[in-house]
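Asker: For reference, this is target20.txt, and it has compact mmCIF, C-alpha atoms and all ligand atoms.
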# COMPACT_ATOMS: atom_id res chain seq x y z
CA MET A 108 39.35 -147.39 -120.80
CA GLU A 109 39.81 -146.56 -117.14
CA ILE A 110 36.50 -145.64 -115.53
CA GLU A 111 35.98 -144.35 -111.99
CA ILE A 112 32.90 -142.99 -110.29
CA ALA A 113 33.14 -140.45 -107.47
CA THR A 114 30.06 -140.46 -105.25
CA VAL A 115 30.42 -136.85 -104.13
CA GLY A 116 27.08 -135.99 -102.52
CA GLY A 117 23.64 -137.44 -101.89
CA TYR A 118 24.90 -140.83 -100.80
CA GLU A 119 24.18 -140.23 -97.12
CA GLU A 120 21.02 -138.15 -97.48
CA VAL A 121 18.19 -137.11 -99.78
CA GLY A 122 19.65 -133.86 -101.08
CA ARG A 123 22.90 -132.28 -102.40
CA GLN A 124 23.28 -134.78 -105.24
CA MET A 125 26.59 -134.88 -107.08
CA THR A 126 28.30 -137.74 -108.93
CA ALA A 127 31.36 -137.62 -111.19
CA VAL A 128 32.34 -140.16 -113.83
CA ARG A 129 35.95 -140.23 -115.04
CA MET A 130 36.58 -141.98 -118.35
CA ASP A 131 40.36 -141.83 -118.96
CA ASP A 132 41.06 -138.05 -119.08
CA GLU A 133 37.44 -136.90 -119.34
CA ILE A 134 35.13 -136.26 -116.40
CA VAL A 135 31.37 -135.69 -116.57
CA VAL A 136 29.62 -134.38 -113.45
CA PHE A 137 25.99 -135.30 -112.85
CA ASP A 138 24.02 -132.85 -110.65
CA MET A 139 25.25 -130.25 -108.15
CA GLY A 140 22.50 -130.02 -105.60
CA LEU A 141 21.55 -128.26 -102.40
CA ASN A 142 20.28 -129.99 -99.27
CA LEU A 143 17.65 -127.41 -98.39
CA SER A 144 16.78 -128.93 -95.02
CA GLN A 145 20.35 -128.24 -93.86
CA VAL A 146 19.71 -124.60 -94.71
CA LEU A 147 16.20 -124.32 -93.25
CA ILE A 148 17.33 -125.75 -89.93
CA HIS A 149 19.16 -122.46 -89.34
CA ASP A 150 17.21 -119.28 -88.84
CA ASN A 151 17.52 -116.70 -91.60
CA VAL A 152 20.41 -118.16 -93.56
CA GLN A 153 20.79 -116.57 -97.01
CA THR A 154 22.72 -119.04 -99.16
CA GLU A 155 23.13 -116.40 -101.89
CA THR A 156 25.59 -114.48 -99.74
CA MET A 157 27.47 -117.46 -98.32
CA HIS A 158 30.84 -118.88 -99.26
CA SER A 159 30.89 -122.42 -100.63
CA LEU A 160 33.22 -123.77 -97.92
CA ASP A 161 30.80 -122.63 -95.22
CA LEU A 162 27.94 -124.28 -97.09
CA ILE A 163 30.00 -127.47 -97.39
CA ASP A 164 30.63 -127.39 -93.63
CA MET A 165 26.87 -126.96 -93.07
CA GLY A 166 26.25 -130.09 -95.14
CA ALA A 167 24.19 -127.95 -97.51
CA ILE A 168 26.18 -128.50 -100.73
CA PRO A 169 28.41 -131.41 -101.87
CA ASP A 170 31.95 -131.52 -100.54
CA ASP A 171 33.61 -131.54 -103.96
CA ARG A 172 37.19 -131.52 -102.65
CA ILE A 173 37.28 -135.24 -103.59
CA MET A 174 37.31 -134.09 -107.24
CA SER A 175 41.03 -133.27 -106.95
CA GLU A 176 41.68 -137.00 -106.62
CA LEU A 177 40.23 -137.67 -110.06
CA ASP A 178 42.93 -137.44 -112.70
CA GLY A 179 41.14 -135.69 -115.57
CA GLU A 180 39.33 -132.59 -116.81
CA VAL A 181 35.63 -131.90 -116.31
CA THR A 182 34.06 -131.55 -119.76
CA ALA A 183 30.40 -131.15 -118.80
CA ILE A 184 28.20 -130.54 -115.76
CA VAL A 185 24.85 -132.21 -116.32
CA PRO A 186 21.87 -131.57 -114.03
CA THR A 187 19.09 -134.08 -114.74
CA HIS A 188 16.17 -131.78 -113.87
CA GLY A 189 15.41 -128.49 -112.14
CA HIS A 190 14.89 -129.54 -108.52
CA LEU A 191 17.10 -127.71 -106.02
CA ASP A 192 18.68 -130.91 -104.73
CA HIS A 193 20.07 -131.32 -108.27
CA ILE A 194 20.88 -127.74 -109.37
CA GLY A 195 21.06 -125.69 -106.14
CA ALA A 196 24.86 -125.87 -105.73
CA ILE A 197 25.70 -124.91 -109.32
CA PRO A 198 26.21 -121.18 -108.52
CA LYS A 199 28.54 -122.17 -105.67
CA LEU A 200 30.63 -124.89 -107.32
CA ALA A 201 30.35 -124.92 -111.12
CA HIS A 202 32.64 -121.93 -111.79
CA ARG A 203 35.58 -123.88 -110.34
CA TYR A 204 35.42 -126.19 -113.34
CA ASP A 205 36.01 -124.88 -116.81
CA ALA A 206 33.02 -126.72 -118.26
CA PRO A 207 29.56 -125.93 -119.63
CA VAL A 208 26.33 -126.83 -117.86
CA VAL A 209 24.37 -129.04 -120.27
CA ALA A 210 20.66 -129.65 -119.63
CA THR A 211 17.14 -129.59 -121.08
CA PRO A 212 15.49 -126.18 -121.79
CA PHE A 213 13.41 -125.88 -118.59
CA THR A 214 16.33 -126.98 -116.41
CA ILE A 215 18.71 -124.53 -118.12
CA GLU A 216 16.31 -121.62 -117.47
CA LEU A 217 16.14 -122.53 -113.78
CA VAL A 218 19.95 -122.77 -113.60
CA ARG A 219 20.12 -119.33 -115.25
CA ASP A 220 17.84 -117.95 -112.47
CA GLN A 221 19.97 -119.59 -109.78
CA ILE A 222 23.12 -118.01 -111.17
CA ALA A 223 21.44 -114.60 -111.44
CA ASP A 224 20.55 -114.78 -107.72
CA GLU A 225 24.14 -115.50 -106.71
CA ASP A 226 25.73 -112.69 -104.67
CA LYS A 227 28.97 -114.17 -103.43
CA PHE A 228 30.64 -115.14 -106.67
CA ASP A 229 30.80 -113.44 -110.02
CA VAL A 230 29.65 -116.48 -111.94
CA ASP A 231 30.07 -116.79 -115.66
CA ILE A 232 29.10 -120.26 -116.80
CA ASP A 233 28.41 -121.46 -120.32
CA LEU A 234 24.86 -122.89 -120.47
CA GLN A 235 24.07 -125.37 -123.24
CA VAL A 236 20.62 -126.70 -124.08
CA MET A 237 20.24 -130.34 -125.08
CA ASN A 238 16.85 -132.04 -125.53
CA SER A 239 15.84 -135.56 -124.56
CA GLY A 240 16.64 -138.02 -127.36
CA GLU A 241 19.69 -136.00 -128.41
CA GLN A 242 23.37 -136.93 -128.16
CA MET A 243 26.56 -134.97 -127.55
CA ARG A 244 30.20 -135.92 -128.08
CA ILE A 245 32.22 -135.88 -124.85
CA SER A 246 35.47 -137.23 -126.36
CA ASP A 247 36.68 -139.40 -129.26
CA GLN A 248 35.40 -142.46 -127.49
CA VAL A 249 32.46 -141.21 -125.43
CA GLN A 250 28.97 -140.02 -126.43
CA MET A 251 26.39 -138.64 -123.99
CA GLU A 252 22.70 -139.26 -124.61
CA PHE A 253 19.61 -137.86 -122.81
CA VAL A 254 16.78 -140.38 -122.34
CA ASN A 255 13.35 -138.92 -121.55
CA VAL A 256 12.03 -139.81 -118.09
CA THR A 257 9.01 -138.77 -116.01
CA HIS A 258 9.31 -137.04 -112.65
CA SER A 259 7.49 -134.45 -110.53
CA THR A 260 8.76 -131.61 -112.70
CA ILE A 261 8.89 -131.24 -116.48
CA ASP A 262 11.81 -131.85 -118.85
CA ALA A 263 13.55 -134.50 -116.71
CA ILE A 264 16.08 -136.82 -118.33
CA ASN A 265 18.46 -139.62 -117.41
CA PRO A 266 21.87 -139.04 -119.01
CA VAL A 267 23.68 -142.03 -120.48
CA LEU A 268 27.42 -142.13 -121.23
CA HIS A 269 28.22 -144.53 -124.06
CA THR A 270 31.80 -145.73 -123.47
CA PRO A 271 33.86 -148.52 -125.11
CA GLU A 272 33.35 -150.50 -121.87
CA GLY A 273 29.55 -150.22 -122.00
CA ALA A 274 26.97 -147.63 -121.03
CA ILE A 275 26.86 -145.74 -117.74
CA VAL A 276 23.28 -144.79 -116.91
CA TYR A 277 22.63 -142.10 -114.31
CA GLY A 278 19.12 -142.86 -113.07
CA LEU A 279 18.20 -139.86 -110.84
CA ASP A 280 15.21 -138.90 -110.52
CA LYS A 281 12.22 -140.62 -112.03
CA ARG A 282 9.12 -142.75 -111.85
CA LEU A 283 7.76 -144.96 -114.62
CA ASP A 284 4.86 -142.87 -115.91
CA HIS A 285 3.17 -144.10 -119.05
CA ASP A 286 0.33 -141.55 -118.84
CA PRO A 287 1.86 -138.26 -117.65
CA VAL A 288 -0.28 -135.11 -117.57
CA LEU A 289 2.39 -133.02 -119.32
CA GLY A 290 5.19 -134.19 -121.60
CA ASP A 291 6.01 -137.61 -123.06
CA PRO A 292 5.85 -140.99 -121.28
CA ILE A 293 9.09 -142.45 -119.95
CA ASP A 294 11.16 -143.88 -122.83
CA MET A 295 11.37 -147.50 -121.64
CA LYS A 296 11.92 -148.67 -125.21
CA ARG A 297 15.22 -146.76 -125.32
CA PHE A 298 16.31 -148.11 -121.91
CA ARG A 299 15.65 -151.66 -123.14
CA GLU A 300 17.70 -150.99 -126.29
CA ILE A 301 20.59 -149.55 -124.27
CA GLY A 302 20.51 -152.67 -122.09
CA ARG A 303 20.97 -154.88 -125.14
CA GLU A 304 23.12 -152.99 -127.66
CA GLY A 305 26.94 -153.34 -127.77
CA ASP A 306 28.38 -154.27 -124.38
CA GLY A 307 25.16 -153.39 -122.59
CA VAL A 308 25.16 -151.34 -119.38
CA LEU A 309 28.40 -151.31 -117.41
CA CYS A 310 26.95 -149.40 -114.47
CA TYR A 311 23.58 -148.07 -113.32
CA ILE A 312 23.28 -145.40 -110.64
CA GLU A 313 19.77 -145.52 -109.20
CA ASP A 314 17.38 -143.08 -107.44
CA CYS A 315 16.53 -144.83 -104.14
CA THR A 316 14.39 -142.08 -102.56
CA ASN A 317 11.41 -144.45 -102.27
CA ALA A 318 13.29 -147.76 -102.32
CA ASN A 319 11.58 -148.85 -99.10
CA GLN A 320 8.12 -148.46 -100.70
CA LYS A 321 6.48 -151.66 -101.90
CA GLY A 322 4.61 -151.89 -105.17
CA ARG A 323 4.52 -149.35 -107.96
CA THR A 324 4.40 -145.54 -107.94
CA PRO A 325 1.22 -144.52 -109.80
CA SER A 326 1.10 -142.15 -112.75
CA GLU A 327 0.53 -138.40 -112.42
CA SER A 328 -2.84 -139.02 -114.07
CA VAL A 329 -3.88 -140.83 -110.85
CA ALA A 330 -3.03 -137.78 -108.71
CA ARG A 331 -4.90 -135.61 -111.19
CA LYS A 332 -8.01 -137.81 -110.84
CA GLU A 333 -7.87 -137.69 -107.06
CA LEU A 334 -7.43 -133.93 -107.12
CA HIS A 335 -10.37 -133.60 -109.49
CA ASP A 336 -12.53 -135.76 -107.24
CA THR A 337 -11.61 -133.73 -104.16
CA MET A 338 -12.20 -130.35 -105.78
CA LEU A 339 -15.51 -131.36 -107.37
CA SER A 340 -16.69 -132.54 -103.93
CA LEU A 341 -16.07 -128.98 -102.67
CA GLU A 342 -17.82 -127.23 -105.55
CA ASP A 343 -20.72 -126.08 -103.35
CA TYR A 344 -18.59 -124.83 -100.47
CA ASP A 345 -19.03 -121.07 -100.27
CA GLY A 346 -16.09 -120.14 -98.08
CA GLY A 347 -12.33 -119.95 -98.37
CA MET A 348 -10.28 -122.57 -100.15
CA VAL A 349 -6.50 -122.56 -100.46
CA ALA A 350 -4.26 -125.07 -102.25
CA THR A 351 -0.55 -125.71 -102.09
CA THR A 352 1.82 -127.89 -104.11
CA PHE A 353 5.40 -128.02 -105.35
CA ALA A 354 5.90 -124.87 -107.42
CA SER A 355 8.16 -126.85 -109.77
CA HIS A 356 5.45 -129.47 -110.32
CA ILE A 357 4.10 -127.80 -113.44
CA ALA A 358 1.69 -130.64 -114.27
CA ARG A 359 0.08 -130.46 -110.82
CA VAL A 360 -0.10 -126.66 -110.86
CA SER A 361 -1.74 -126.93 -114.26
CA SER A 362 -4.37 -129.39 -112.91
CA LEU A 363 -5.08 -127.07 -109.95
CA LEU A 364 -5.56 -124.09 -112.28
CA GLU A 365 -7.90 -126.07 -114.51
CA PHE A 366 -10.04 -127.54 -111.71
CA ALA A 367 -10.30 -124.20 -109.89
CA GLN A 368 -11.90 -122.74 -113.01
CA GLU A 369 -14.13 -125.78 -113.35
CA ILE A 370 -15.63 -125.23 -109.87
CA GLY A 371 -16.05 -121.51 -110.49
CA ARG A 372 -13.08 -120.12 -108.62
CA GLU A 373 -10.45 -117.79 -109.98
CA PRO A 374 -7.01 -119.32 -109.41
CA ILE A 375 -4.15 -117.02 -108.38
CA LEU A 376 -0.58 -118.25 -107.99
CA LEU A 377 1.10 -116.68 -104.98
CA GLY A 378 4.65 -116.94 -103.68
CA ARG A 379 8.11 -116.33 -105.06
CA SER A 380 8.74 -119.83 -106.36
CA MET A 381 5.19 -120.15 -107.78
CA GLU A 382 5.88 -117.10 -109.91
CA LYS A 383 9.37 -118.31 -110.84
CA TYR A 384 8.59 -121.86 -112.00
CA THR A 385 5.24 -121.20 -113.62
CA GLY A 386 6.58 -118.03 -115.23
CA THR A 387 9.53 -119.97 -116.67
CA ALA A 388 7.23 -122.71 -117.99
CA THR A 389 4.95 -120.10 -119.58
CA ASN A 390 7.94 -118.44 -121.27
CA LEU A 391 8.91 -121.81 -122.75
CA ASP A 392 5.39 -122.27 -124.16
CA VAL A 393 4.47 -125.17 -121.91
CA ALA A 394 0.72 -125.66 -122.28
CA LEU A 395 -0.90 -123.97 -119.27
CA PRO A 396 -4.27 -122.20 -118.99
CA ASP A 397 -4.09 -118.62 -120.35
CA ASN A 398 -3.99 -115.35 -118.40
CA ILE A 399 -3.18 -116.79 -115.01
CA GLU A 400 -2.44 -114.20 -112.36
CA MET A 401 0.76 -114.79 -110.42
CA TYR A 402 2.57 -112.70 -107.83
CA GLY A 403 5.94 -113.37 -106.25
CA HIS A 404 6.79 -110.21 -104.33
CA ARG A 405 5.61 -109.63 -100.80
CA ARG A 406 3.71 -106.41 -101.51
CA ALA A 407 1.94 -107.78 -104.58
CA ILE A 408 0.99 -110.89 -102.62
CA ASP A 409 -0.43 -108.80 -99.77
CA GLN A 410 -2.44 -106.70 -102.23
CA SER A 411 -3.77 -109.80 -103.94
CA LEU A 412 -4.86 -111.37 -100.63
CA GLU A 413 -6.53 -108.10 -99.68
CA ARG A 414 -8.49 -108.11 -102.94
CA ILE A 415 -9.51 -111.75 -102.37
CA MET A 416 -10.91 -110.82 -98.94
CA GLU A 417 -12.72 -107.75 -100.31
CA ASP A 418 -14.24 -109.48 -103.36
CA GLY A 419 -15.20 -112.59 -101.39
CA LYS A 420 -12.84 -115.46 -100.80
CA GLU A 421 -15.49 -117.94 -102.02
CA ASN A 422 -14.67 -116.75 -105.57
CA PHE A 423 -10.95 -117.59 -105.47
CA LEU A 424 -8.45 -120.38 -105.15
CA PRO A 425 -5.09 -119.01 -104.02
CA ILE A 426 -2.44 -121.60 -104.98
CA VAL A 427 0.40 -120.86 -102.61
CA THR A 428 3.87 -121.94 -101.51
CA GLY A 429 4.41 -123.81 -98.25
CA HIS A 430 3.54 -127.46 -98.97
CA GLN A 431 6.39 -128.63 -96.70
CA GLY A 432 5.46 -126.16 -93.97
CA GLU A 433 8.54 -124.06 -94.73
CA PRO A 434 8.59 -121.43 -91.96
CA ARG A 435 8.79 -118.42 -94.30
CA ALA A 436 6.49 -119.70 -97.06
CA LEU A 437 3.12 -118.07 -97.67
CA LEU A 438 0.82 -120.82 -96.36
CA THR A 439 2.76 -120.96 -93.09
CA ARG A 440 2.50 -117.17 -92.77
CA MET A 441 -1.24 -117.42 -93.50
CA GLY A 442 -1.49 -120.07 -90.78
CA ARG A 443 0.28 -117.78 -88.33
CA GLY A 444 -2.19 -115.01 -89.14
CA GLU A 445 0.52 -112.79 -90.64
CA THR A 446 -1.41 -111.96 -93.82
CA ASN A 447 -4.72 -110.32 -94.74
CA TYR A 448 -6.30 -113.69 -95.45
CA ASP A 449 -8.62 -114.84 -92.65
CA PHE A 450 -9.67 -118.45 -92.25
CA ASP A 451 -13.17 -119.20 -91.03
CA THR A 452 -14.12 -122.45 -89.35
CA GLY A 453 -14.63 -125.03 -92.08
CA ASP A 454 -12.44 -123.38 -94.73
CA LYS A 455 -10.53 -125.88 -96.87
CA VAL A 456 -6.79 -126.28 -97.32
CA ILE A 457 -5.61 -128.74 -99.97
CA PHE A 458 -2.07 -130.10 -99.69
CA SER A 459 -1.43 -131.57 -103.13
CA ALA A 460 1.97 -132.74 -101.94
CA GLY A 461 3.48 -135.45 -99.82
CA ILE A 462 6.05 -134.68 -97.14
CA ILE A 463 9.61 -135.10 -98.43
CA PRO A 464 10.70 -137.85 -96.00
CA GLU A 465 13.09 -135.93 -93.80
CA PRO A 466 12.66 -134.95 -90.12
CA THR A 467 12.93 -131.17 -90.65
CA ASN A 468 10.13 -131.25 -93.23
CA GLU A 469 8.04 -133.54 -91.07
CA GLY A 470 8.34 -131.13 -88.14
CA ASN A 471 7.64 -128.04 -90.23
CA ARG A 472 4.63 -129.55 -91.94
CA TYR A 473 3.21 -130.72 -88.62
CA GLN A 474 3.48 -127.19 -87.24
CA SER A 475 1.93 -125.63 -90.33
CA GLU A 476 -1.05 -127.98 -90.25
CA ARG A 477 -1.54 -127.36 -86.50
CA LEU A 478 -1.59 -123.59 -87.07
CA LEU A 479 -4.17 -123.92 -89.85
CA LYS A 480 -6.35 -126.26 -87.79
CA MET A 481 -6.24 -123.86 -84.82
CA GLN A 482 -7.94 -121.34 -87.11
CA GLY A 483 -10.63 -123.88 -87.97
CA ALA A 484 -9.33 -124.96 -91.38
CA ARG A 485 -10.08 -128.47 -92.66
CA ILE A 486 -7.05 -130.18 -94.18
CA TYR A 487 -7.14 -132.33 -97.33
CA ASP A 488 -3.81 -134.04 -97.09
CA ASP A 489 -1.49 -135.94 -99.42
CA ILE A 490 -3.39 -135.58 -102.69
CA HIS A 491 -0.25 -136.63 -104.45
CA VAL A 492 1.76 -139.33 -106.12
CA SER A 493 5.51 -139.42 -105.67
CA GLY A 494 7.97 -138.56 -108.44
CA HIS A 495 10.19 -141.48 -107.46
CA LEU A 496 10.22 -145.20 -108.24
CA SER A 497 9.00 -147.76 -105.73
CA GLN A 498 10.34 -151.33 -105.56
CA GLU A 499 8.53 -152.75 -108.59
CA GLY A 500 9.73 -149.81 -110.70
CA HIS A 501 13.28 -150.54 -109.57
CA TYR A 502 12.83 -154.16 -110.55
CA GLN A 503 11.49 -153.15 -113.98
CA MET A 504 14.49 -150.88 -114.55
CA LEU A 505 16.82 -153.81 -113.78
CA GLU A 506 14.88 -155.93 -116.27
CA ALA A 507 15.20 -153.21 -118.92
CA LEU A 508 18.87 -152.29 -118.39
CA GLN A 509 20.44 -155.55 -117.06
CA PRO A 510 23.39 -153.58 -115.68
CA GLN A 511 26.66 -155.31 -114.82
CA GLN A 512 27.16 -153.12 -111.74
CA LEU A 513 24.85 -151.05 -109.54
CA ILE A 514 25.34 -147.97 -107.39
CA PRO A 515 22.28 -147.06 -105.26
CA ALA A 516 22.06 -143.30 -104.55
CA HIS A 517 19.81 -140.48 -103.26
CA GLN A 518 19.28 -141.88 -99.74
CA ASP A 519 20.97 -142.75 -96.44
CA LEU A 520 21.87 -146.35 -95.57
CA LYS A 521 18.47 -147.07 -94.07
CA GLY A 522 16.78 -145.68 -97.15
CA LEU A 523 19.01 -147.72 -99.45
CA SER A 524 18.20 -150.99 -97.68
CA GLY A 525 14.97 -151.56 -99.64
CA TYR A 526 16.91 -151.24 -102.86
CA VAL A 527 19.52 -153.76 -101.71
CA ASN A 528 16.73 -156.27 -101.06
CA THR A 529 15.11 -155.63 -104.44
CA ALA A 530 18.44 -155.95 -106.27
CA ASN A 531 19.30 -159.09 -104.25
CA ALA A 532 16.13 -160.67 -105.55
CA PHE A 533 17.38 -159.91 -109.05
CA GLY A 534 20.75 -161.57 -108.32
CA TYR A 535 22.98 -158.64 -107.33
CA GLU A 536 25.14 -158.73 -104.21
CA VAL A 537 26.72 -155.98 -102.15
CA GLY A 538 30.51 -156.05 -102.54
CA ARG A 539 30.36 -158.04 -105.77
CA ASP A 540 28.32 -156.07 -108.31
CA MET A 541 26.46 -153.64 -106.05
CA HIS A 542 28.44 -150.78 -104.47
CA LEU A 543 27.04 -149.20 -101.30
CA SER A 544 28.90 -145.91 -101.23
CA ARG A 545 29.22 -142.86 -98.97
CA ASN A 546 29.83 -139.21 -99.82
CA GLY A 547 33.42 -138.68 -100.92
CA ASN A 548 34.19 -142.20 -102.15
CA ILE A 549 35.68 -143.24 -105.49
CA ILE A 550 34.63 -146.53 -107.07
CA GLN A 551 36.92 -148.06 -109.70
CA LEU A 552 34.75 -149.70 -112.36
CA THR A 553 37.40 -150.69 -114.95
CA GLU A 554 41.21 -150.50 -115.03
ZN ZN B 601 13.79 -134.47 -108.29
What do you get writing this file as structure tokens?
Answerer:
Amino acid sequence: MEIEIATVGGYEEVGRQMTAVRMDDEIVVFDMGLNLSQVLIHDNVQTETMHSLDLIDMGAIPDDRIMSELDGEVTAIVPTHGHLDHIGAIPKLAHRYDAPVVATPFTIELVRDQIADEDKFDVDIDLQVMNSGEQMRISDQVQMEFVNVTHSTIDAINPVLHTPEGAIVYGLDKRLDHDPVLGDPIDMKRFREIGREGDGVLCYIEDCTNANQKGRTPSESVARKELHDTMLSLEDYDGGMVATTFASHIARVSSLLEFAQEIGREPILLGRSMEKYTGTATNLDVALPDNIEMYGHRRAIDQSLERIMEDGKENFLPIVTGHQGEPRALLTRMGRGETNYDFDTGDKVIFSAGIIPEPTNEGNRYQSERLLKMQGARIYDDIHVSGHLSQEGHYQMLEALQPQQLIPAHQDLKGLSGYVNTANAFGYEVGRDMHLSRNGNIIQLTE
């Protein structure tokens, strides 16, 4: 079987992921993501109304024109989880391919929302749900399997293509969490089996976001403990307290809701994406505390903040958007004094999020924290564990899968360097069995 891999997007940056695998006449596309920082850098850009070619020129979505050089038909588009850098380009690109989007239930619901928001194209895409542990036939000779993984959102999987030449494992995004707060632990047993059955793993495409980090990424249960410790220490504070985290990080949002109630504050989720992600999780019966108030529209948010100020802000924990300091997110607007919420000297702001390592985010977050501090707020920073593997996790994945060939992804060259060193220590070499690619390249795996 002839197998080629097109590294379409996300091989020169963290963002706009897209990879295509051609197996004879069949092509499977993994992820179609948006590089949000390329959007935020411009003032007031509405991607919903923009044409895909303009977004490609902006570097916001993958330049998929390379796909015309692959001699086959796309049979499935497979986003691994619901983060924007993996699904954000689907409304702009997917309709060009006559193929269904196949993903886990939570991811499919988020894709459905994305498509509903699309203004530029009349998008009609077939959405198919597949759960982790399940398989799907791609062609006579190829099966696709979803292996359960753990990440900073729920329902994440790594897709595996079982071909006559061996398995192709698409490893974006994950960490090795054996004690997650929501959902099942990562299925390392299955990865070890895949590494040893039949012809083993032909190729492994790896998430290198944190490849320059030494050691091991801790479990979500560690972040939960630290958050619990921080919030309990503030139980007696009788002023304002505000928290922010990734809206898509359902496990973390759930911990914040629970601990707010434990210290006698009423949690309220505020911001468009808070309402969207938590609302979607609630609709899918993900276990979250009952009767949580959430508001996504500007007017409802303003009214809610007004009520918090009237009833006494010491009784509430607004959980808001803006963990990266996004200029138009609620926490940033609160910091600029554009809302009804007033900070007093000593009020607490909890960032249960790290900065996504990218200069635009770093600048935005710096500004947001400065604005909050100028109003007297005290910042509790980085109460977080990453959703991505560090070096020892990468090494453990190599032990489990024993792939014949490697393709590091999800970073620029500098970011990939830590992975090259880790894989070197395992015996891989660039140019022999490790392919350092760029956006728009095609790698021939078998002839
Ligand atoms: Zn992700």
Asker: Show me which residues sit within 8 Å of ligand ZN 601 (chain B) when counting all atoms listed in the file, and put them as number ranges by chain.
Answerer: A: 188-193, 258-260, 279-281, 494-495
Asker: Tell me which of A:Pro198, A:Gly419, A:Gly534, A:Gly522 sits closest to A:Ile184, counting all atoms listed in the file.
Answerer: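 Looking at the shortest contact to A:Ile184, the residue is A:Pro198.
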Asker: Quote the spacing between atom CA of A:Leu438 and atom CA of A:Thr352 in Å to one decimal place.
Answerer: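 Value for the atom CA of A:Leu438-atom CA of A:Thr352 distance: 10.5 Å.
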Asker: Using all atoms listed in the file, can you list as a PyMOL selection string the residues within 12 Å of (19.3, -143.8, -105.0)?
Answerer: chain A and resi 114+116-122+124-126+277-281+311-319+495-498+501+513-527+542-545
Asker: I want to know what sits within 12 Å of A:Gln511, based on all atoms listed in the file, with residues of the same chain fewer than 6 positions away left out; could you give that as a ChimeraX atom specification?
Answerer: /A:272-276,302-303,306-312,505,530,533-536,539-542,552-553
Asker: Output C-alpha atoms of each residue in that selection to a file, as a CSV table (one decimal), keeping the file's coordinate frame.
Answerer:
chain,number,residue,atom,x,y,z
A,272,GLU,CA,33.4,-150.5,-121.9
A,273,GLY,CA,29.6,-150.2,-122.0
A,274,ALA,CA,27.0,-147.6,-121.0
A,275,ILE,CA,26.9,-145.7,-117.7
A,276,VAL,CA,23.3,-144.8,-116.9
A,302,GLY,CA,20.5,-152.7,-122.1
A,303,ARG,CA,21.0,-154.9,-125.1
A,306,ASP,CA,28.4,-154.3,-124.4
A,307,GLY,CA,25.2,-153.4,-122.6
A,308,VAL,CA,25.2,-151.3,-119.4
A,309,LEU,CA,28.4,-151.3,-117.4
A,310,CYS,CA,27.0,-149.4,-114.5
A,311,TYR,CA,23.6,-148.1,-113.3
A,312,ILE,CA,23.3,-145.4,-110.6
A,505,LEU,CA,16.8,-153.8,-113.8
A,530,ALA,CA,18.4,-156.0,-106.3
A,533,PHE,CA,17.4,-159.9,-109.0
A,534,GLY,CA,20.8,-161.6,-108.3
A,535,TYR,CA,23.0,-158.6,-107.3
A,536,GLU,CA,25.1,-158.7,-104.2
A,539,ARG,CA,30.4,-158.0,-105.8
A,540,ASP,CA,28.3,-156.1,-108.3
A,541,MET,CA,26.5,-153.6,-106.0
A,542,HIS,CA,28.4,-150.8,-104.5
A,552,LEU,CA,34.8,-149.7,-112.4
A,553,THR,CA,37.4,-150.7,-115.0
Asker: How many Å lie between atom CA of A:Val249 and atom CA of A:Asp231, rounded to one decimal?
Answerer: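 Atom CA of A:Val249 sits 26.4 Å away from atom CA of A:Asp231.
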Asker: From the list A:Thr187, A:Thr156, A:Gln503, A:Gln368, which residue is nearest A:Asn422 when using all atoms listed in the file?
Answerer: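 Answer, going by the shortest atom-to-atom distance: A:Gln368.
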Asker: A:Glu155, A:Asp284, A:Asp454, A:Glu300: which is nearest A:Lys480, counting all atoms listed in the file?
Answerer: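 That would be A:Asp454, the residue with the smallest distance to A:Lys480.
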Asker: Suppose you want the space between atom CA of A:Gln509 and atom CA of A:Val115; what is it in Å?
Answerer: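 Computing the Euclidean distance for atom CA of A:Gln509 and atom CA of A:Val115 yields 24.8 Å.
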Asker: Name the closest residue to A:Val136 among the candidates A:Ser361, A:Gln235, A:Asn398, A:Thr182; distances are taken between atoms, counting only C-alpha atoms.
Answerer: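 So, comparing all the options, the nearest one is A:Thr182.
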Asker: Taking all atoms listed in the file into account, which of A:Ser475, A:Ser355, A:Thr428, A:Gln482 comes nearest A:Gly453?
Answerer: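 Closest to A:Gly453 of all the choices is A:Gln482.
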Asker: With a distance cut-off of 6 Å and only C-alpha atoms, select the neighbouring residues of stretch 209-211 of chain A, excluding the residue or stretch itself and same-chain residues fewer than 4 positions from it, and output the selection as an MDAnalysis selection string.
Answerer: chainID A and resid 185 215 235:238
Asker: Include C-alpha atoms and write out the residues we just selected as a compact mmCIF listing (two decimals), keeping the file's coordinate frame.
Answerer:
# COMPACT_ATOMS: atom_id res chain seq x y z
CA VAL A 185 24.85 -132.21 -116.32
CA ILE A 215 18.71 -124.53 -118.12
CA GLN A 235 24.07 -125.37 -123.24
CA VAL A 236 20.62 -126.70 -124.08
CA MET A 237 20.24 -130.34 -125.08
CA ASN A 238 16.85 -132.04 -125.53
